[in-house]
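Undergrad: Structure incoming, see below.
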Amino acid sequence: MRAEEERETGATRAAAPWGGAGGPPDGETAARAKREAEQPVGRAFGAGLFGVDALVVEVEAARARGEPRAAIVGQAEGAVREARERMRIALQRAALWNAEDSELAALVINLAPADVPKTGVGLDLPMCLAVAALKLPALVAPLAATAAYGEVGLDGSLRPARGTLSAAIAVRAAGFRALLVPPEAAREAAEVDGLEVLAVATLRDAVDALSGKRAALAPWTAPPPPLPRADCDFAEVKGQKSARRALEVAAAGSHNVLLIGPPGSGKTLLARRLATILPPLDRAEALDVTRVHSAAGLVAAGGGLVRERPFRAPHHSVSGAGLVGGGSPPRPGEIALAAHGVLFLDELPEFPRAVLEMLRQPLEDGQIAVVRALGRARFPARFVLVGAMNPCPCGWRGSRARECRCTPSMVDRYQGRISGPLLDRIDIHVEVPALSGAELAREAPGESSAAVRARVVAARAVQEARNGRFGVVYNAHLPVRRLAEAAALTPRAKADLERAMNLLRLSARAHDRVLKVARTLADLAGRADVDAPQVAEAVAYRALDRGGA
């Protein structure tokens with residue numbers, strides 16, 4: 001038996017490539033270690049998306065011993081790990097990978113920094129370029145100065161990836177002067193100042209251009225942006241003068257609004273036209289909006305900056321993650337997608353109370369933080385909230401068209417679905433009565449959005465000049481401790497406000513909301529102080545505090 005074992009052991013040794021079962025001789029080990037130490041490391045730079053922010057990622061590729069496969073390390077998540085198979089086929093199609101090439105049979109791809117999660121298919125392109133640099137030394141220098149971001153198809157074509165704008169901002173901040181992207185993403189990336197955008201359609205074209213095998217890529221030049229399209233106008237709203245006025249005040253001071261009225265009174269019609277009287281997005285706001293929409297995959301291929309104020313109207317069945325953002329990795333929700341625009345919540349009491357309560361913190365802070373095991377993602381959340389609700393469960397309380405059959409307790413329960421703390425964050429409550437057919441026929445079209453917007457822009461300019469010393473821009477965000485200074489009352493206005501507080505039993509919070517709205521009304525009127533007419537109108541906008549609805 002021992003002799004048989006010795007014969008098998010001898011056969012095994014003879015079959016080993018270095019003639020021994022325990023490993024190569026010392027000389028061969030040293031030579032192999034030296035060759036492996038001298039093997040090149042391909043490097044490229046890209047970006048990983050997390051929430052709406054991007055992190056510059058250094059991609060390292062090196063040959064390795066072992067099975068013919070590619071290993072991606074460095075906390076690669078989901079789609080990044082799946083890129084191994086896409087890369088293999090794409091590199092073969094681009095004649096950059098030979099399946100029978102033993103030198104490239106096994107690879108290790110490292111994504112640095114290794115302690116930060118990497119997400120997004122935008123890392124496809126830099127990973128492929130790092131592998132190509134192993135066989136093409138001419139790529140080394142260009143890839144040290146040029147970042148890349150894009151998805152690679154199986155045929156080697158390049159496709160835009162979510163978050164191109166965020167990636168462009170990140171690589172420019174890291175000192176890169178050029179970014180390689182697919183043509184459909186070039187306009188979006190070109191919005192970052194000081195960054196040359198190189199548009200290329202295929203992986204092979206990218207390698208040839210960077211290695212000097214074809215003419216160098218010229219920086220992409222953006223065509224003129226398309227003109228914004230007006231789909232609706234305030235002039236289409238007939239009647240409803242008090243509601244129109246309330247929305248103008250809301251737009252001027254960035255106040256949240258609650259529209260209360262029966263079905264068919266025009267609440268949705270009014271809400272959809274609020275965005276048309278807001279000032280145009282400035283460049284900083286447009287970059288912020290585009291960054292969020294790009295991270296959510298809502299920027300059309302070939303699109304650049306989002307130039308119109310967002311208007312988002314989620315259904316009342318929306319989940320908490322759908323409203324405030326979430327998932328793994330975190331993606332923006334409706335409140336982030338409405339940043340610098342309007343968030344419209346129709347049938348407000350029908351939303352789950354737990355979902356509505358999630359609005360309290362972003363309404364107060366202007367941002368939302370989503371915490372996951374992978375890290376913390378922050379989304380912008382500075383928007384104008386417009387809620388709409390019926391006055392009672394059946395909807396006809398106070399209507400002349402139908403009789404309401406709801407009991408007082410039913411009405412209280414229905415309105416109680418909206419918590420007090422959330423109502424405290426809504427400055428304006430306004431009733432929207434239903435108009436009869438005859439009244440609608442008599443009413444002439446109202447002012448256009450352009451005419452109303454001109455007054456809103458003028459009032460906002462006054463606020464920006466005055467409120468800067470308080471650390472805010474618009475009246476709705478004034479800190480309570482600075483209200484007396486920002487909204488100085490005339491003696492008559494102070495007396496009228498005290499009388500309204502006692503007569504209507506308004507809370508201290510309602511007092512502050514009245515002051516903020518009155519300050520905006522004074523700005524619209526061109527007054528430096530706040531007089532009695534502004535206080536009276538502001539008190540009238542507290543319908544729920546007065547028990548009017």
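Chain labels A, B, ... are given in the sequence in which chains occur in the structure tokens; within each chain residues are numbered consecutively from 1, and ligands are likewise numbered from 1 in the order shown.
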Give me, as a ChimeraX atom specification, the residues of region 300-415 of chain A that a backbone DSSP run labels strand (DSSP E).

TA: /A:311-312,342-345,367-372,375-380,384-389

Undergrad: Quick one: residues within 7 Å of region 49-63 of chain A, only C-alpha atoms counted, chain neighbours fewer than 5 positions away excluded, as a CSV table (one decimal) with N, CA and C atoms, in the first residue's frame?

TA:
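Contents of part-v5.csv, freshly written:
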chain,number,residue,atom,x,y,z
A,40,PRO,N,2.3,46.1,-15.3
A,40,PRO,CA,1.7,47.4,-15.3
A,40,PRO,C,0.3,47.4,-14.6
A,41,VAL,N,-0.1,48.6,-14.1
A,41,VAL,CA,-1.5,48.8,-13.5
A,41,VAL,C,-2.2,49.8,-14.3
A,42,GLY,N,-3.3,49.4,-15.0
A,42,GLY,CA,-4.0,50.4,-15.7
A,42,GLY,C,-4.9,51.3,-14.8
A,43,ARG,N,-4.9,52.6,-15.1
A,43,ARG,CA,-5.6,53.6,-14.2
A,43,ARG,C,-6.5,54.4,-15.1
A,44,ALA,N,-7.7,54.7,-14.5
A,44,ALA,CA,-8.6,55.6,-15.1
A,44,ALA,C,-9.4,56.3,-14.0
A,103,GLU,N,-2.5,36.5,-20.8
A,103,GLU,CA,-2.1,37.7,-20.0
A,103,GLU,C,-3.3,38.4,-19.4
A,104,LEU,N,-4.4,38.4,-20.1
A,104,LEU,CA,-5.6,39.1,-19.7
A,104,LEU,C,-6.7,38.1,-19.2
A,106,ALA,N,-7.2,36.7,-16.3
A,106,ALA,CA,-7.7,37.0,-15.0
A,106,ALA,C,-7.3,38.5,-14.6
A,107,LEU,N,-8.2,39.2,-14.1
A,107,LEU,CA,-8.0,40.6,-13.8
A,107,LEU,C,-8.6,40.9,-12.4
A,108,VAL,N,-8.0,41.9,-11.7
A,108,VAL,CA,-8.5,42.5,-10.5
A,108,VAL,C,-8.7,44.0,-10.8
A,109,ILE,N,-9.9,44.5,-10.6
A,109,ILE,CA,-10.2,45.9,-10.7
A,109,ILE,C,-10.6,46.5,-9.4
A,110,ASN,N,-9.8,47.4,-9.0
A,110,ASN,CA,-10.0,48.1,-7.7
A,110,ASN,C,-10.6,49.5,-7.8
A,111,LEU,N,-11.6,49.8,-7.0
A,111,LEU,CA,-12.2,51.1,-7.1
A,111,LEU,C,-11.9,51.8,-5.8
A,112,ALA,N,-11.1,52.9,-5.9
A,112,ALA,CA,-10.6,53.6,-4.7
A,112,ALA,C,-11.3,55.0,-4.7
A,113,PRO,N,-11.6,55.5,-3.5
A,113,PRO,CA,-11.2,54.9,-2.2
A,113,PRO,C,-12.1,53.6,-1.8
A,119,THR,N,-21.7,53.1,-6.6
A,119,THR,CA,-22.9,52.7,-7.3
A,119,THR,C,-23.0,53.4,-8.6
A,120,GLY,N,-23.8,52.9,-9.5
A,120,GLY,CA,-24.1,53.5,-10.8
A,120,GLY,C,-23.3,52.9,-11.9
A,126,PRO,N,-14.9,54.1,-17.3
A,126,PRO,CA,-13.5,54.2,-16.8
A,126,PRO,C,-13.0,52.8,-16.5
A,127,MET,N,-13.8,51.8,-16.1
A,127,MET,CA,-13.3,50.5,-15.9
A,127,MET,C,-12.8,49.9,-17.2
A,130,ALA,N,-9.5,51.5,-18.1
A,130,ALA,CA,-8.3,51.1,-17.2
A,130,ALA,C,-7.8,49.7,-17.7
A,131,VAL,N,-8.7,48.8,-18.1
A,131,VAL,CA,-8.3,47.5,-18.6
A,131,VAL,C,-7.6,47.7,-20.0
A,163,GLY,N,-27.0,60.8,-13.3
A,163,GLY,CA,-26.1,61.6,-12.5
A,163,GLY,C,-24.9,62.2,-13.2
A,166,SER,N,-23.9,65.6,-11.8
A,166,SER,CA,-23.2,65.5,-10.5
A,166,SER,C,-21.8,65.0,-10.7
A,167,ALA,N,-21.6,64.0,-11.6
A,167,ALA,CA,-20.2,63.5,-11.9
A,167,ALA,C,-19.4,64.6,-12.5
A,170,ALA,N,-18.3,66.9,-9.7
A,170,ALA,CA,-17.3,66.3,-8.8
A,170,ALA,C,-15.9,66.2,-9.5
A,171,VAL,N,-15.8,65.8,-10.7
A,171,VAL,CA,-14.5,65.7,-11.4
A,171,VAL,C,-13.8,67.1,-11.6
A,291,ARG,N,-29.4,68.5,-11.2
A,291,ARG,CA,-28.7,67.5,-10.5
A,291,ARG,C,-29.6,66.4,-9.9
A,292,VAL,N,-30.7,66.9,-9.3
A,292,VAL,CA,-31.6,65.9,-8.7
A,292,VAL,C,-32.3,65.1,-9.8
A,295,ALA,N,-30.0,62.5,-11.3
A,295,ALA,CA,-29.8,61.4,-10.4
A,295,ALA,C,-31.0,60.5,-10.4
A,329,PRO,N,-29.1,51.9,-3.4
A,329,PRO,CA,-28.7,53.2,-2.9
A,329,PRO,C,-29.8,54.2,-2.9
A,330,PRO,N,-29.8,55.3,-2.0
A,330,PRO,CA,-30.9,56.2,-1.9
A,330,PRO,C,-31.1,57.0,-3.3
A,331,ARG,N,-32.4,57.1,-3.6
A,331,ARG,CA,-32.7,57.9,-4.8
A,331,ARG,C,-33.7,59.0,-4.3
A,332,PRO,N,-33.7,60.1,-5.1
A,332,PRO,CA,-34.5,61.3,-4.6
A,332,PRO,C,-36.0,60.9,-4.7
A,377,ALA,N,-27.4,60.3,2.6
A,377,ALA,CA,-27.6,61.0,1.4
A,377,ALA,C,-28.5,62.3,1.7
A,378,ARG,N,-28.1,63.4,1.2
A,378,ARG,CA,-28.8,64.6,1.5
A,378,ARG,C,-29.5,65.1,0.1
A,379,PHE,N,-30.7,65.5,0.2
A,379,PHE,CA,-31.5,66.0,-1.0
A,379,PHE,C,-32.0,67.4,-0.7

Undergrad: Just give me the gap between CA of Ser211 (chain A) and CA of Ala144 (chain A) in Å, one decimal is fine.

TA: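 Distance reported for this atom pair: 12.3 Å.
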
Undergrad: From the options A:Asn390, A:Thr276, A:Ser328, A:Thr146, which residue's atoms come nearest to Phe311 (chain A), counting only C-alpha atoms?

TA: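 When distances to Phe311 (chain A) are compared using only C-alpha atoms, the smallest one comes from A:Thr276.
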
Undergrad: Considering only C-alpha atoms, state which residue in the set A:Val181, A:Ala493, A:Val306, A:Ala532 is at the smallest distance from Arg283 (chain A).

TA: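 Among A:Val181, A:Ala493, A:Val306, A:Ala532, it is A:Val306 that comes nearest to Arg283 (chain A).
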
Undergrad: Near Val355 (chain A), counting only C-alpha atoms, which residues have an atom at most 7 Å away, once you skip same-chain residues fewer than 4 positions from it, shown as a ChimeraX atom specification?

TA: /A:319-320,351

Undergrad: As a PyMOL selection string, please: all residues of region 47-147 of chain A that backbone DSSP puts in helix (DSSP H, G or I).

TA: chain A and resi 78-93+102-104+121-132+137-145

Undergrad: Those same residues, written as a PDB file, in the first residue's frame with C-alpha atoms?

TA:
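Output saved as result-v1.pdb:
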ATOM      1  CA  GLY A  78     -25.238  46.087  -7.640  1.00  0.00           C
ATOM      2  CA  ALA A  79     -24.831  47.336 -11.189  1.00  0.00           C
ATOM      3  CA  VAL A  80     -21.084  47.913 -10.698  1.00  0.00           C
ATOM      4  CA  ARG A  81     -20.506  44.233  -9.890  1.00  0.00           C
ATOM      5  CA  GLU A  82     -22.625  43.215 -12.880  1.00  0.00           C
ATOM      6  CA  ALA A  83     -20.356  45.270 -15.132  1.00  0.00           C
ATOM      7  CA  ARG A  84     -17.872  42.363 -15.306  1.00  0.00           C
ATOM      8  CA  GLU A  85     -19.876  40.562 -17.968  1.00  0.00           C
ATOM      9  CA  ARG A  86     -20.718  43.747 -19.875  1.00  0.00           C
ATOM     10  CA  MET A  87     -17.037  44.707 -19.891  1.00  0.00           C
ATOM     11  CA  ARG A  88     -15.863  41.323 -21.131  1.00  0.00           C
ATOM     12  CA  ILE A  89     -18.147  41.315 -24.174  1.00  0.00           C
ATOM     13  CA  ALA A  90     -17.665  45.033 -24.902  1.00  0.00           C
ATOM     14  CA  LEU A  91     -13.873  44.774 -24.773  1.00  0.00           C
ATOM     15  CA  GLN A  92     -13.950  41.773 -27.112  1.00  0.00           C
ATOM     16  CA  ARG A  93     -16.189  43.638 -29.564  1.00  0.00           C
ATOM     17  CA  SER A 102      -3.517  34.323 -21.071  1.00  0.00           C
ATOM     18  CA  GLU A 103      -2.110  37.669 -19.953  1.00  0.00           C
ATOM     19  CA  LEU A 104      -5.614  39.098 -19.668  1.00  0.00           C
ATOM     20  CA  VAL A 121     -23.365  52.257 -14.293  1.00  0.00           C
ATOM     21  CA  GLY A 122     -21.347  55.406 -15.025  1.00  0.00           C
ATOM     22  CA  LEU A 123     -18.256  53.503 -13.857  1.00  0.00           C
ATOM     23  CA  ASP A 124     -18.490  51.131 -16.861  1.00  0.00           C
ATOM     24  CA  LEU A 125     -16.469  53.413 -19.120  1.00  0.00           C
ATOM     25  CA  PRO A 126     -13.546  54.179 -16.764  1.00  0.00           C
ATOM     26  CA  MET A 127     -13.262  50.472 -15.861  1.00  0.00           C
ATOM     27  CA  CYS A 128     -13.055  49.491 -19.533  1.00  0.00           C
ATOM     28  CA  LEU A 129     -10.457  52.203 -20.182  1.00  0.00           C
ATOM     29  CA  ALA A 130      -8.342  51.056 -17.220  1.00  0.00           C
ATOM     30  CA  VAL A 131      -8.315  47.503 -18.636  1.00  0.00           C
ATOM     31  CA  ALA A 132      -7.430  48.805 -22.106  1.00  0.00           C
ATOM     32  CA  PRO A 137       0.710  52.282 -22.796  1.00  0.00           C
ATOM     33  CA  ALA A 138      -0.273  55.308 -24.909  1.00  0.00           C
ATOM     34  CA  LEU A 139      -3.443  55.581 -22.819  1.00  0.00           C
ATOM     35  CA  VAL A 140      -1.618  56.129 -19.531  1.00  0.00           C
ATOM     36  CA  ALA A 141      -0.925  59.857 -19.848  1.00  0.00           C
ATOM     37  CA  PRO A 142      -4.321  60.875 -21.322  1.00  0.00           C
ATOM     38  CA  LEU A 143      -6.231  58.895 -18.688  1.00  0.00           C
ATOM     39  CA  ALA A 144      -4.345  60.652 -15.897  1.00  0.00           C
ATOM     40  CA  ALA A 145      -5.836  63.983 -16.999  1.00  0.00           C
TER      41      ALA A 145
END

Undergrad: Please determine, counting only C-alpha atoms, which residue among A:Asp288, A:Lys516, A:Leu385, A:Gly322 has the shortest atom-to-atom distance to Asn475 (chain A).

TA: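 Checking each candidate against Asn475 (chain A), we get A:Lys516 as the closest.
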
Undergrad: Could you pull the residues within 12 Å of Gly468 (chain A), counting only C-alpha atoms, minus those fewer than 5 positions along the same chain, as an mmCIF file with all heavy atoms, in the first residue's frame?

TA:
data_model
loop_
_atom_site.group_PDB
_atom_site.id
_atom_site.type_symbol
_atom_site.label_atom_id
_atom_site.label_comp_id
_atom_site.auth_asym_id
_atom_site.auth_seq_id
_atom_site.Cartn_x
_atom_site.Cartn_y
_atom_site.Cartn_z
ATOM 1 N N ARG A 460 -39.931 89.806 -4.535
ATOM 2 C CA ARG A 460 -38.818 88.950 -4.117
ATOM 3 C C ARG A 460 -37.505 89.716 -4.097
ATOM 4 O O ARG A 460 -36.645 89.456 -3.252
ATOM 5 C CB ARG A 460 -38.716 87.735 -5.040
ATOM 6 C CG ARG A 460 -39.795 86.694 -4.794
ATOM 7 C CD ARG A 460 -39.450 85.366 -5.415
ATOM 8 N NE ARG A 460 -40.318 84.292 -4.941
ATOM 9 C CZ ARG A 460 -40.020 83.006 -4.987
ATOM 10 N NH1 ARG A 460 -38.855 82.618 -5.487
ATOM 11 N NH2 ARG A 460 -40.856 82.095 -4.531
ATOM 12 N N ALA A 461 -37.327 90.660 -5.022
ATOM 13 C CA ALA A 461 -36.103 91.466 -5.024
ATOM 14 C C ALA A 461 -36.004 92.289 -3.745
ATOM 15 O O ALA A 461 -34.913 92.445 -3.166
ATOM 16 C CB ALA A 461 -36.083 92.368 -6.255
ATOM 17 N N VAL A 462 -37.129 92.828 -3.283
ATOM 18 C CA VAL A 462 -37.134 93.585 -2.023
ATOM 19 C C VAL A 462 -36.738 92.683 -0.859
ATOM 20 O O VAL A 462 -35.948 93.070 0.018
ATOM 21 C CB VAL A 462 -38.533 94.203 -1.799
ATOM 22 C CG1 VAL A 462 -38.618 94.820 -0.411
ATOM 23 C CG2 VAL A 462 -38.828 95.248 -2.863
ATOM 24 N N GLN A 463 -37.269 91.466 -0.836
ATOM 25 C CA GLN A 463 -36.956 90.528 0.254
ATOM 26 C C GLN A 463 -35.479 90.151 0.248
ATOM 27 O O GLN A 463 -34.845 90.073 1.311
ATOM 28 C CB GLN A 463 -37.813 89.269 0.113
ATOM 29 C CG GLN A 463 -39.299 89.507 0.325
ATOM 30 C CD GLN A 463 -40.137 88.308 -0.047
ATOM 31 O OE1 GLN A 463 -39.976 87.241 0.540
ATOM 32 N NE2 GLN A 463 -41.028 88.469 -1.015
ATOM 33 N N VAL A 473 -33.728 84.337 2.611
ATOM 34 C CA VAL A 473 -34.067 85.132 1.434
ATOM 35 C C VAL A 473 -35.526 85.551 1.468
ATOM 36 O O VAL A 473 -35.849 86.730 1.325
ATOM 37 C CB VAL A 473 -33.772 84.347 0.136
ATOM 38 C CG1 VAL A 473 -34.191 85.154 -1.091
ATOM 39 C CG2 VAL A 473 -32.292 83.995 0.051
ATOM 40 N N TYR A 474 -36.429 84.606 1.683
ATOM 41 C CA TYR A 474 -37.857 84.901 1.553
ATOM 42 C C TYR A 474 -38.531 84.989 2.916
ATOM 43 O O TYR A 474 -38.093 84.407 3.909
ATOM 44 C CB TYR A 474 -38.525 83.839 0.679
ATOM 45 C CG TYR A 474 -37.869 83.723 -0.677
ATOM 46 C CD1 TYR A 474 -37.339 82.517 -1.104
ATOM 47 C CD2 TYR A 474 -37.746 84.833 -1.508
ATOM 48 C CE1 TYR A 474 -36.713 82.418 -2.337
ATOM 49 C CE2 TYR A 474 -37.125 84.740 -2.736
ATOM 50 C CZ TYR A 474 -36.601 83.531 -3.144
ATOM 51 O OH TYR A 474 -35.972 83.437 -4.359
ATOM 52 N N ASN A 475 -39.649 85.708 2.943
ATOM 53 C CA ASN A 475 -40.335 85.985 4.208
ATOM 54 C C ASN A 475 -40.814 84.728 4.920
ATOM 55 O O ASN A 475 -40.863 84.686 6.152
ATOM 56 C CB ASN A 475 -41.526 86.912 3.949
ATOM 57 C CG ASN A 475 -41.094 88.295 3.513
ATOM 58 O OD1 ASN A 475 -40.009 88.758 3.873
ATOM 59 N ND2 ASN A 475 -41.912 88.964 2.718
ATOM 60 N N HIS A 477 -39.383 82.111 5.433
ATOM 61 C CA HIS A 477 -38.302 81.447 6.163
ATOM 62 C C HIS A 477 -37.693 82.343 7.235
ATOM 63 O O HIS A 477 -36.660 81.996 7.813
ATOM 64 C CB HIS A 477 -37.214 81.002 5.176
ATOM 65 C CG HIS A 477 -37.752 80.251 4.003
ATOM 66 N ND1 HIS A 477 -37.275 80.427 2.717
ATOM 67 C CD2 HIS A 477 -38.753 79.338 3.910
ATOM 68 C CE1 HIS A 477 -37.946 79.645 1.882
ATOM 69 N NE2 HIS A 477 -38.853 78.990 2.583
ATOM 70 N N LEU A 478 -38.312 83.492 7.509
ATOM 71 C CA LEU A 478 -37.779 84.398 8.525
ATOM 72 C C LEU A 478 -37.775 83.723 9.896
ATOM 73 O O LEU A 478 -38.777 83.113 10.305
ATOM 74 C CB LEU A 478 -38.627 85.668 8.594
ATOM 75 C CG LEU A 478 -38.401 86.714 7.496
ATOM 76 C CD1 LEU A 478 -39.511 87.767 7.529
ATOM 77 C CD2 LEU A 478 -37.039 87.381 7.674
ATOM 78 N N PRO A 479 -36.680 83.819 10.651
ATOM 79 C CA PRO A 479 -36.679 83.263 12.017
ATOM 80 C C PRO A 479 -37.601 84.072 12.914
ATOM 81 O O PRO A 479 -37.716 85.294 12.777
ATOM 82 C CB PRO A 479 -35.211 83.389 12.448
ATOM 83 C CG PRO A 479 -34.622 84.425 11.555
ATOM 84 C CD PRO A 479 -35.381 84.388 10.267
ATOM 85 N N ARG A 482 -36.533 87.252 14.701
ATOM 86 C CA ARG A 482 -36.249 88.466 13.919
ATOM 87 C C ARG A 482 -37.504 89.050 13.281
ATOM 88 O O ARG A 482 -37.402 89.999 12.503
ATOM 89 C CB ARG A 482 -35.216 88.142 12.821
ATOM 90 C CG ARG A 482 -33.973 87.422 13.276
ATOM 91 C CD ARG A 482 -33.232 88.174 14.384
ATOM 92 N NE ARG A 482 -32.680 89.424 13.948
ATOM 93 C CZ ARG A 482 -31.442 89.566 13.446
ATOM 94 N NH1 ARG A 482 -30.660 88.502 13.332
ATOM 95 N NH2 ARG A 482 -30.983 90.745 13.085
ATOM 96 N N ALA A 486 -38.005 92.501 11.138
ATOM 97 C CA ALA A 486 -38.259 92.410 9.698
ATOM 98 C C ALA A 486 -39.644 92.913 9.328
ATOM 99 O O ALA A 486 -39.835 93.449 8.231
ATOM 100 C CB ALA A 486 -38.106 90.960 9.236
#

Undergrad: For Ala252 (chain A), which residue among A:Val152, A:Leu274, A:Ala538, A:Ile418 is the nearest when counting only C-alpha atoms?

TA: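 Closest candidate: A:Leu274.
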
Undergrad: Could you state the separation of CA of Gly266 (chain A) and CA of Phe344 (chain A) in Å, given to one decimal place?

TA: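 If I compute the distance from CA of Gly266 (chain A) to CA of Phe344 (chain A), I get 13.6 Å.
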
Undergrad: Which residues come within 8 Å of Leu180 (chain A), counting only C-alpha atoms, excluding same-chain residues fewer than 5 positions away, as a list in words?

TA: Thr146, Ala147, Ala148, Tyr149, Val197, Leu198, Ala199 and Val200 of chain A

Undergrad: Any chance you can output those residues with N, CA and C atoms as a PDB file, in the first residue's frame?

TA:
ATOM      1  N   THR A 146      -7.866  62.960 -17.865  1.00  0.00           N
ATOM      2  CA  THR A 146      -9.232  62.960 -18.381  1.00  0.00           C
ATOM      3  C   THR A 146     -10.076  61.944 -17.620  1.00  0.00           C
ATOM      4  N   ALA A 147     -11.160  62.391 -17.021  1.00  0.00           N
ATOM      5  CA  ALA A 147     -12.095  61.481 -16.365  1.00  0.00           C
ATOM      6  C   ALA A 147     -13.114  60.980 -17.384  1.00  0.00           C
ATOM      7  N   ALA A 148     -13.824  59.929 -17.032  1.00  0.00           N
ATOM      8  CA  ALA A 148     -14.803  59.339 -17.944  1.00  0.00           C
ATOM      9  C   ALA A 148     -16.037  58.919 -17.156  1.00  0.00           C
ATOM     10  N   TYR A 149     -17.198  58.979 -17.820  1.00  0.00           N
ATOM     11  CA  TYR A 149     -18.443  58.622 -17.150  1.00  0.00           C
ATOM     12  C   TYR A 149     -19.461  58.189 -18.194  1.00  0.00           C
ATOM     13  N   VAL A 197     -15.731  69.046 -22.299  1.00  0.00           N
ATOM     14  CA  VAL A 197     -16.533  67.833 -22.464  1.00  0.00           C
ATOM     15  C   VAL A 197     -16.171  67.201 -23.807  1.00  0.00           C
ATOM     16  N   LEU A 198     -15.755  65.937 -23.747  1.00  0.00           N
ATOM     17  CA  LEU A 198     -15.374  65.198 -24.947  1.00  0.00           C
ATOM     18  C   LEU A 198     -16.437  64.133 -25.188  1.00  0.00           C
ATOM     19  N   ALA A 199     -17.156  64.271 -26.291  1.00  0.00           N
ATOM     20  CA  ALA A 199     -18.249  63.353 -26.601  1.00  0.00           C
ATOM     21  C   ALA A 199     -17.764  62.271 -27.555  1.00  0.00           C
ATOM     22  N   VAL A 200     -18.030  61.024 -27.223  1.00  0.00           N
ATOM     23  CA  VAL A 200     -17.595  59.901 -28.057  1.00  0.00           C
ATOM     24  C   VAL A 200     -18.681  58.832 -28.011  1.00  0.00           C
TER      25      VAL A 200
END

Undergrad: Give me the residues within 9 Å of Ala250 (chain A) as a ChimeraX atom specification, counting only C-alpha atoms and dropping any in the same chain fewer than 6 places off.

TA: /A:256-257,274,384,427-428,476,517,520
